[in-house]
Amino acid sequence: MTHKQLQTWFENNNHKFIFYNLKDSNDTEWLKHSSTLYNTKNDYKTEWLLNGLLQSLNPPADAEPFTNFNHLSQVLINKARYGTEYVSIKYELLMEFDKQDKEYLFCIVQPRMFTSLFKQSTFLNV
Amino acid sequence: MDYKQLATWLENNQHKFIFYSYAGGTGGEFVCSYLADNLDLYNNTASEFNTPYKKREIDDLWDSKTTNRYNFLDPLLYNSLANGFRKGEDLVQDIEPDTSGESFDDLARMILTYIKREGYETLDSKLLEDFNNQDKKYLIRLHRVLPYMKLFNKSKVYVVKADKWHQYTSLLVEVKSLLAPVYTLSDKMNALRDAHRNYKSNSTIDEHVTYLQPILNEEDIPLYDYTLQVMLNPSVFDIDISSLNIKELQKMLWQLVVYRHLSDKYRIDIHEMLSYLKTYHMDWIEEYNINLVTFEDVFLGTWANTEFDLNKEDFYNSMVRWDQRNSLYLKRLGVKPKRGIRRPNQVLYNDS
């Protein structure tokens, strides 16, 4: 898939995202929010919709937060295709999510990178 | 779209084409994907059209994580130029290429014949029209330069030669293109179905399944693409597979593939991906305005920086990661490059 397709997907679906700040690895508070989600059962911490790409972003501590979906999409596509390990993003999976209304939970560790960009998303535990 | 319309379209738009010719397995689709992802090429626009060709493709056709093979789509011409044109009906390697193509009419006929053989009705005329009405460049990958390339005198043509890395790139060509393993039951069955469709085998799929049975459910044992080629074309390869079980056959083919790049004859013929040109048509290099690029210049990012103003270091770092993944791929297949073989970034492999 292309940057633009991923960008469009973010723009069209970011109102369905919940970002949960996973402050420590034993945190289970996020489970309270898991009952009506699009995430597969018992698969909340392992992010599969974007194959862990967004979850595993690990920019330097002083990196500027993302301010537009185009930039984020380019970073993710480049990380997927040209990073240390190839990561497959399944366009069909994203399109299936696009066609429904359930929310999707991203467990993340760096919410500051996303808070100013995902204005229509929900941030928990921040 | 008839051949006349396609011929006109090719002639009118050839100044927008960039051709990148390389030996399969040496990172051509990786390089093309990188260029498309980092340049404002029409390839990105074309990828968003819902062409019949794209419907049959998937995002990760080759399971890139396992095989380190990339999938660079050609929604305009359905990969027809990348796959070349062969006179025979079957898609067996080494079949003589169709070296006709004296005019755009000829080439258009060849393309339409090719895509029909692949199961498509025609090309996507809306997409071709959209391309016609804009000015962005379009990147097309090739594996060999054939006579029709002289028609593209307004295009940019790059041909990659391996030079001092020829043993290593030849190993990649062999191991990535011919072994091209799949591991899961479903991948093995899909590969068999595709091969059965392409090669028009006289045997039934069930007969082939029976032969493959001992390894079908063994996810630690790969099924090589070359195994399928041999199984489905016994007369071409002249191998009596009835005297070998599947494990013996694969062991033999593994040895054939992994050591073939070391033979002098093979090195001379193939190593620079210029076999056809150097053997028969050195004059084409000048006549067809071909830009010869060394694999080293591609790898180091020098070429991408000079020709496309891309960041040299970023490109180089991506190539290093690509080649690190090659090492993992070779290791998983039990292939250890011969001691002394020259590899780019040798320091990365001192422990391998």
# chains A, B, ... in the order shown; residues from 1 in each chain; ligands from 1
>>> residues_around(residues="Tyr42 (chain B)", least_positions_apart="6", cutoff="7 Å", atoms="only C-alpha atoms", output="PyMOL selection string")
chain B and resi 136-138
>>> residues_around(residues="Ala63 (chain A)", least_positions_apart="4", cutoff="12 Å", atoms="only C-alpha atoms", output="count of residues only")
8
>>> residues_around(residues="region 8-22 of chain A", least_positions_apart="2", cutoff="9 Å", atoms="only C-alpha atoms", output="tab-separated table (two decimals) with N, CA and C atoms, in the first residue's frame")
chain	number	residue	atom	x	y	z
A	3	HIS	N	1.81	5.46	0.86
A	3	HIS	CA	1.70	6.43	1.96
A	3	HIS	C	0.32	7.07	1.97
A	4	LYS	N	-0.12	7.41	0.76
A	4	LYS	CA	-1.37	8.17	0.67
A	4	LYS	C	-2.55	7.33	1.14
A	5	GLN	N	-2.53	6.05	0.79
A	5	GLN	CA	-3.63	5.18	1.24
A	5	GLN	C	-3.63	5.06	2.76
A	6	LEU	N	-2.45	4.95	3.35
A	6	LEU	CA	-2.37	4.85	4.81
A	6	LEU	C	-2.80	6.18	5.45
A	24	ASP	N	3.68	0.86	32.42
A	24	ASP	CA	4.60	-0.22	32.76
A	24	ASP	C	4.02	-1.54	32.23
A	25	SER	N	4.88	-2.48	32.07
A	25	SER	CA	4.49	-3.70	31.36
A	25	SER	C	3.46	-4.54	32.11
A	26	ASN	N	3.29	-4.30	33.41
A	26	ASN	CA	2.33	-5.09	34.18
A	26	ASN	C	0.96	-4.42	34.28
A	27	ASP	N	0.85	-3.28	33.66
A	27	ASP	CA	-0.38	-2.52	33.74
A	27	ASP	C	-1.54	-3.29	33.09
A	28	THR	N	-2.62	-3.50	33.82
A	28	THR	CA	-3.77	-4.22	33.25
A	28	THR	C	-5.03	-3.34	33.25
A	29	GLU	N	-4.88	-2.09	33.60
A	29	GLU	CA	-6.02	-1.18	33.65
A	29	GLU	C	-6.76	-1.12	32.31
A	30	TRP	N	-5.99	-1.22	31.22
A	30	TRP	CA	-6.56	-1.12	29.88
A	30	TRP	C	-7.60	-2.19	29.60
A	69	PHE	N	-0.81	13.50	9.25
A	69	PHE	CA	-0.91	12.07	8.93
A	69	PHE	C	-0.01	11.68	7.78
A	70	ASN	N	0.28	12.63	6.91
A	70	ASN	CA	1.16	12.32	5.78
A	70	ASN	C	2.55	11.92	6.29
A	73	SER	N	2.47	8.58	8.10
A	73	SER	CA	2.31	7.47	7.15
A	73	SER	C	3.62	7.17	6.45
A	94	LEU	N	-7.09	-3.25	6.86
A	94	LEU	CA	-7.41	-1.85	7.14
A	94	LEU	C	-8.76	-1.48	6.51
A	95	MET	N	-9.02	-2.01	5.33
A	95	MET	CA	-10.29	-1.70	4.66
A	95	MET	C	-11.48	-2.32	5.40
A	97	PHE	N	-11.61	-2.76	8.63
A	97	PHE	CA	-11.80	-1.89	9.79
A	97	PHE	C	-12.52	-0.60	9.37
A	98	ASP	N	-12.16	-0.12	8.22
A	98	ASP	CA	-12.74	1.11	7.70
A	98	ASP	C	-14.26	1.02	7.55
A	101	ASP	N	-17.78	0.22	12.72
A	101	ASP	CA	-17.78	1.35	13.66
A	101	ASP	C	-17.16	1.08	15.02
A	102	LYS	N	-16.70	-0.12	15.24
A	102	LYS	CA	-16.10	-0.42	16.55
A	102	LYS	C	-14.78	0.33	16.72
A	103	GLU	N	-14.40	0.50	17.99
A	103	GLU	CA	-13.15	1.20	18.27
A	103	GLU	C	-11.99	0.20	18.38
A	104	TYR	N	-10.81	0.72	18.15
A	104	TYR	CA	-9.61	-0.13	18.20
A	104	TYR	C	-8.63	0.44	19.22
A	105	LEU	N	-8.12	-0.42	20.07
A	105	LEU	CA	-7.23	0.00	21.15
A	105	LEU	C	-5.76	-0.18	20.75
A	106	PHE	N	-5.01	0.92	20.82
A	106	PHE	CA	-3.55	0.84	20.65
A	106	PHE	C	-2.91	1.00	22.02
A	107	CYS	N	-2.23	-0.01	22.50
A	107	CYS	CA	-1.44	0.14	23.72
A	107	CYS	C	-0.09	0.72	23.32
A	108	ILE	N	0.22	1.89	23.82
A	108	ILE	CA	1.45	2.57	23.41
A	108	ILE	C	2.26	3.01	24.62
A	109	VAL	N	3.48	3.41	24.38
A	109	VAL	CA	4.31	3.89	25.49
A	109	VAL	C	4.77	5.33	25.29
A	110	GLN	N	4.47	5.90	24.15
A	110	GLN	CA	4.90	7.28	23.90
A	110	GLN	C	3.71	8.13	23.43
A	111	PRO	N	2.72	8.36	24.27
A	111	PRO	CA	1.54	9.10	23.81
A	111	PRO	C	1.87	10.51	23.33
A	114	PHE	N	1.70	11.32	19.71
A	114	PHE	CA	0.45	11.22	18.94
A	114	PHE	C	-0.66	12.18	19.39
A	118	PHE	N	-3.77	13.01	16.74
A	118	PHE	CA	-5.01	12.22	16.77
A	118	PHE	C	-6.06	12.94	17.62
A	119	LYS	N	-6.51	14.06	17.11
A	119	LYS	CA	-7.43	14.91	17.88
A	119	LYS	C	-8.79	14.26	18.09
A	120	GLN	N	-9.17	13.38	17.19
A	120	GLN	CA	-10.50	12.75	17.33
A	120	GLN	C	-10.42	11.42	18.07
A	121	SER	N	-9.23	11.03	18.48
A	121	SER	CA	-9.07	9.76	19.19
A	121	SER	C	-9.21	9.98	20.69
A	122	THR	N	-9.32	8.86	21.40
A	122	THR	CA	-9.40	8.90	22.87
A	122	THR	C	-8.06	8.50	23.45
A	123	PHE	N	-7.57	9.26	24.39
A	123	PHE	CA	-6.31	8.91	25.06
A	123	PHE	C	-6.62	8.57	26.52
A	124	LEU	N	-6.19	7.44	26.97
A	124	LEU	CA	-6.42	7.00	28.34
A	124	LEU	C	-5.11	6.84	29.08
A	125	ASN	N	-5.18	7.11	30.38
A	125	ASN	CA	-4.02	6.89	31.24
A	125	ASN	C	-2.86	7.80	30.87
A	126	VAL	N	-3.16	8.96	30.31
A	126	VAL	CA	-2.08	9.88	29.90
A	126	VAL	C	-1.79	10.86	31.02
>>> select_by_dssp(residues="chain A", states="alpha helix (DSSP H)", output="JSON, numbers by chain")
{"A": [3, 4, 5, 6, 7, 8, 9, 10, 11, 12, 13, 69, 70, 71, 72, 73, 74, 75, 76, 77, 78, 79, 80, 81, 82, 91, 92, 93, 94, 95, 96, 97, 98]}
>>> interface_residues(of="chain A", to="chain B", cutoff="9 Å", atoms="only C-alpha atoms", output="list in words")
Met1, Thr2, His3, Lys4, Gln5, Gln74, Ile77, Asn78, Arg81, Tyr82, Gly83, Thr84, Glu85, Tyr86, Val87, Ser88, Ile89, Lys90, Tyr91 and Glu92 of chain A
>>> write_last_selection(atoms="N, CA and C atoms", output="PDB file, in the first residue's frame")
ATOM      1  N   MET A   1       0.833  -1.196   0.000  1.00  0.00           N
ATOM      2  CA  MET A   1       0.000   0.000   0.000  1.00  0.00           C
ATOM      3  C   MET A   1       0.872   1.251   0.000  1.00  0.00           C
ATOM      4  N   THR A   2       0.273   2.368  -0.368  1.00  0.00           N
ATOM      5  CA  THR A   2       1.058   3.592  -0.494  1.00  0.00           C
ATOM      6  C   THR A   2       0.917   4.466   0.750  1.00  0.00           C
ATOM      7  N   HIS A   3       1.810   5.460   0.863  1.00  0.00           N
ATOM      8  CA  HIS A   3       1.702   6.434   1.961  1.00  0.00           C
ATOM      9  C   HIS A   3       0.318   7.067   1.970  1.00  0.00           C
ATOM     10  N   LYS A   4      -0.120   7.413   0.762  1.00  0.00           N
ATOM     11  CA  LYS A   4      -1.367   8.167   0.669  1.00  0.00           C
ATOM     12  C   LYS A   4      -2.553   7.330   1.142  1.00  0.00           C
ATOM     13  N   GLN A   5      -2.534   6.046   0.793  1.00  0.00           N
ATOM     14  CA  GLN A   5      -3.626   5.175   1.243  1.00  0.00           C
ATOM     15  C   GLN A   5      -3.632   5.056   2.762  1.00  0.00           C
ATOM     16  N   GLN A  74       4.342   8.205   6.091  1.00  0.00           N
ATOM     17  CA  GLN A  74       5.643   7.979   5.438  1.00  0.00           C
ATOM     18  C   GLN A  74       6.616   7.280   6.379  1.00  0.00           C
ATOM     19  N   ILE A  77       5.434   3.543   6.695  1.00  0.00           N
ATOM     20  CA  ILE A  77       5.699   2.737   5.490  1.00  0.00           C
ATOM     21  C   ILE A  77       7.197   2.469   5.342  1.00  0.00           C
ATOM     22  N   ASN A  78       7.988   3.491   5.602  1.00  0.00           N
ATOM     23  CA  ASN A  78       9.442   3.296   5.505  1.00  0.00           C
ATOM     24  C   ASN A  78       9.944   2.322   6.558  1.00  0.00           C
ATOM     25  N   ARG A  81       8.881  -1.276   5.371  1.00  0.00           N
ATOM     26  CA  ARG A  81       9.548  -1.883   4.210  1.00  0.00           C
ATOM     27  C   ARG A  81      11.069  -1.871   4.301  1.00  0.00           C
ATOM     28  N   TYR A  82      11.598  -0.856   4.980  1.00  0.00           N
ATOM     29  CA  TYR A  82      13.054  -0.679   4.904  1.00  0.00           C
ATOM     30  C   TYR A  82      13.723  -0.704   6.266  1.00  0.00           C
ATOM     31  N   GLY A  83      13.023  -1.186   7.264  1.00  0.00           N
ATOM     32  CA  GLY A  83      13.593  -1.267   8.598  1.00  0.00           C
ATOM     33  C   GLY A  83      14.415  -2.531   8.777  1.00  0.00           C
ATOM     34  N   THR A  84      14.805  -2.775  10.007  1.00  0.00           N
ATOM     35  CA  THR A  84      15.636  -3.941  10.299  1.00  0.00           C
ATOM     36  C   THR A  84      14.904  -5.226   9.949  1.00  0.00           C
ATOM     37  N   GLU A  85      13.610  -5.231  10.179  1.00  0.00           N
ATOM     38  CA  GLU A  85      12.803  -6.415   9.858  1.00  0.00           C
ATOM     39  C   GLU A  85      11.615  -5.992   9.009  1.00  0.00           C
ATOM     40  N   TYR A  86      11.350  -6.738   7.938  1.00  0.00           N
ATOM     41  CA  TYR A  86      10.211  -6.395   7.084  1.00  0.00           C
ATOM     42  C   TYR A  86       8.909  -6.601   7.856  1.00  0.00           C
ATOM     43  N   VAL A  87       8.036  -5.619   7.786  1.00  0.00           N
ATOM     44  CA  VAL A  87       6.730  -5.728   8.449  1.00  0.00           C
ATOM     45  C   VAL A  87       5.643  -5.574   7.395  1.00  0.00           C
ATOM     46  N   SER A  88       4.763  -6.523   7.345  1.00  0.00           N
ATOM     47  CA  SER A  88       3.695  -6.493   6.345  1.00  0.00           C
ATOM     48  C   SER A  88       2.486  -5.720   6.874  1.00  0.00           C
ATOM     49  N   ILE A  89       2.014  -4.768   6.085  1.00  0.00           N
ATOM     50  CA  ILE A  89       0.754  -4.095   6.419  1.00  0.00           C
ATOM     51  C   ILE A  89      -0.282  -4.597   5.432  1.00  0.00           C
ATOM     52  N   LYS A  90      -1.348  -5.178   5.942  1.00  0.00           N
ATOM     53  CA  LYS A  90      -2.366  -5.757   5.056  1.00  0.00           C
ATOM     54  C   LYS A  90      -3.454  -4.721   4.761  1.00  0.00           C
ATOM     55  N   TYR A  91      -3.470  -4.262   3.546  1.00  0.00           N
ATOM     56  CA  TYR A  91      -4.437  -3.248   3.138  1.00  0.00           C
ATOM     57  C   TYR A  91      -5.868  -3.749   3.337  1.00  0.00           C
ATOM     58  N   GLU A  92      -6.073  -5.030   3.059  1.00  0.00           N
ATOM     59  CA  GLU A  92      -7.430  -5.577   3.199  1.00  0.00           C
ATOM     60  C   GLU A  92      -7.922  -5.505   4.642  1.00  0.00           C
TER      61      GLU A  92
END
>>> atom_distance(atom1="CA of Tyr288 (chain B)", atom2="CA of Leu35 (chain B)")
23.2 Å
>>> atom_distance(atom1="CA of Asn305 (chain B)", atom2="CA of Tyr20 (chain B)")
15.5 Å
>>> atom_distance(atom1="CA of Ala191 (chain B)", atom2="CA of Tyr226 (chain B)")
11.0 Å
>>> residues_around(residues="region 209-217 of chain B", least_positions_apart="5", cutoff="10 Å", atoms="only C-alpha atoms", output="PyMOL selection string")
chain B and resi 183-189+192+204+222-223+227-228+231+241-242+244-247
>>> decode(residues="region 91-140 of chain B", atoms="C-alpha atoms", output="PDB file, in the first residue's frame")
ATOM      1  CA  LEU B  91       6.618 -20.262 -18.537  1.00  0.00           C
ATOM      2  CA  VAL B  92       9.671 -22.409 -18.055  1.00  0.00           C
ATOM      3  CA  GLN B  93      12.946 -20.578 -17.566  1.00  0.00           C
ATOM      4  CA  ASP B  94      15.554 -20.530 -20.301  1.00  0.00           C
ATOM      5  CA  ILE B  95      12.998 -20.646 -23.058  1.00  0.00           C
ATOM      6  CA  GLU B  96      14.200 -18.512 -25.910  1.00  0.00           C
ATOM      7  CA  PRO B  97      13.032 -14.928 -25.597  1.00  0.00           C
ATOM      8  CA  ASP B  98      10.911 -13.393 -28.284  1.00  0.00           C
ATOM      9  CA  THR B  99      13.328 -10.969 -29.879  1.00  0.00           C
ATOM     10  CA  SER B 100      10.924  -9.475 -32.330  1.00  0.00           C
ATOM     11  CA  GLY B 101       9.477  -6.083 -31.551  1.00  0.00           C
ATOM     12  CA  GLU B 102      10.630  -3.841 -34.344  1.00  0.00           C
ATOM     13  CA  SER B 103       7.851  -1.314 -33.851  1.00  0.00           C
ATOM     14  CA  PHE B 104       5.463  -0.104 -31.182  1.00  0.00           C
ATOM     15  CA  ASP B 105       2.756  -2.053 -33.019  1.00  0.00           C
ATOM     16  CA  ASP B 106       4.747  -5.261 -32.526  1.00  0.00           C
ATOM     17  CA  LEU B 107       5.411  -4.483 -28.889  1.00  0.00           C
ATOM     18  CA  ALA B 108       1.771  -3.642 -28.220  1.00  0.00           C
ATOM     19  CA  ARG B 109       0.721  -6.972 -29.724  1.00  0.00           C
ATOM     20  CA  MET B 110       3.267  -8.782 -27.565  1.00  0.00           C
ATOM     21  CA  ILE B 111       2.015  -7.067 -24.407  1.00  0.00           C
ATOM     22  CA  LEU B 112      -1.623  -7.852 -25.134  1.00  0.00           C
ATOM     23  CA  THR B 113      -0.773 -11.469 -25.948  1.00  0.00           C
ATOM     24  CA  TYR B 114       1.165 -11.732 -22.718  1.00  0.00           C
ATOM     25  CA  ILE B 115      -1.585 -10.366 -20.495  1.00  0.00           C
ATOM     26  CA  LYS B 116      -4.192 -12.617 -22.122  1.00  0.00           C
ATOM     27  CA  ARG B 117      -1.979 -15.606 -21.384  1.00  0.00           C
ATOM     28  CA  GLU B 118      -1.864 -14.383 -17.783  1.00  0.00           C
ATOM     29  CA  GLY B 119      -5.650 -14.404 -17.667  1.00  0.00           C
ATOM     30  CA  TYR B 120      -6.545 -10.730 -18.169  1.00  0.00           C
ATOM     31  CA  GLU B 121      -8.972  -9.400 -20.742  1.00  0.00           C
ATOM     32  CA  THR B 122      -7.126  -6.181 -21.414  1.00  0.00           C
ATOM     33  CA  LEU B 123      -5.199  -3.355 -19.749  1.00  0.00           C
ATOM     34  CA  ASP B 124      -6.946  -0.703 -17.653  1.00  0.00           C
ATOM     35  CA  SER B 125      -7.785   1.972 -20.212  1.00  0.00           C
ATOM     36  CA  LYS B 126      -8.891   4.502 -17.566  1.00  0.00           C
ATOM     37  CA  LEU B 127      -5.541   4.228 -15.853  1.00  0.00           C
ATOM     38  CA  LEU B 128      -3.650   4.511 -19.133  1.00  0.00           C
ATOM     39  CA  GLU B 129      -5.674   7.586 -19.998  1.00  0.00           C
ATOM     40  CA  ASP B 130      -4.962   9.130 -16.602  1.00  0.00           C
ATOM     41  CA  PHE B 131      -1.235   8.545 -17.083  1.00  0.00           C
ATOM     42  CA  ASN B 132      -1.439  10.025 -20.543  1.00  0.00           C
ATOM     43  CA  ASN B 133      -2.898  13.239 -19.130  1.00  0.00           C
ATOM     44  CA  GLN B 134      -0.186  13.950 -16.582  1.00  0.00           C
ATOM     45  CA  ASP B 135       3.589  14.447 -16.489  1.00  0.00           C
ATOM     46  CA  LYS B 136       4.940  12.306 -13.668  1.00  0.00           C
ATOM     47  CA  LYS B 137       7.515   9.630 -14.415  1.00  0.00           C
ATOM     48  CA  TYR B 138       6.764   5.922 -14.167  1.00  0.00           C
ATOM     49  CA  LEU B 139       9.306   3.336 -13.051  1.00  0.00           C
ATOM     50  CA  ILE B 140       9.338  -0.061 -14.783  1.00  0.00           C
TER      51      ILE B 140
END
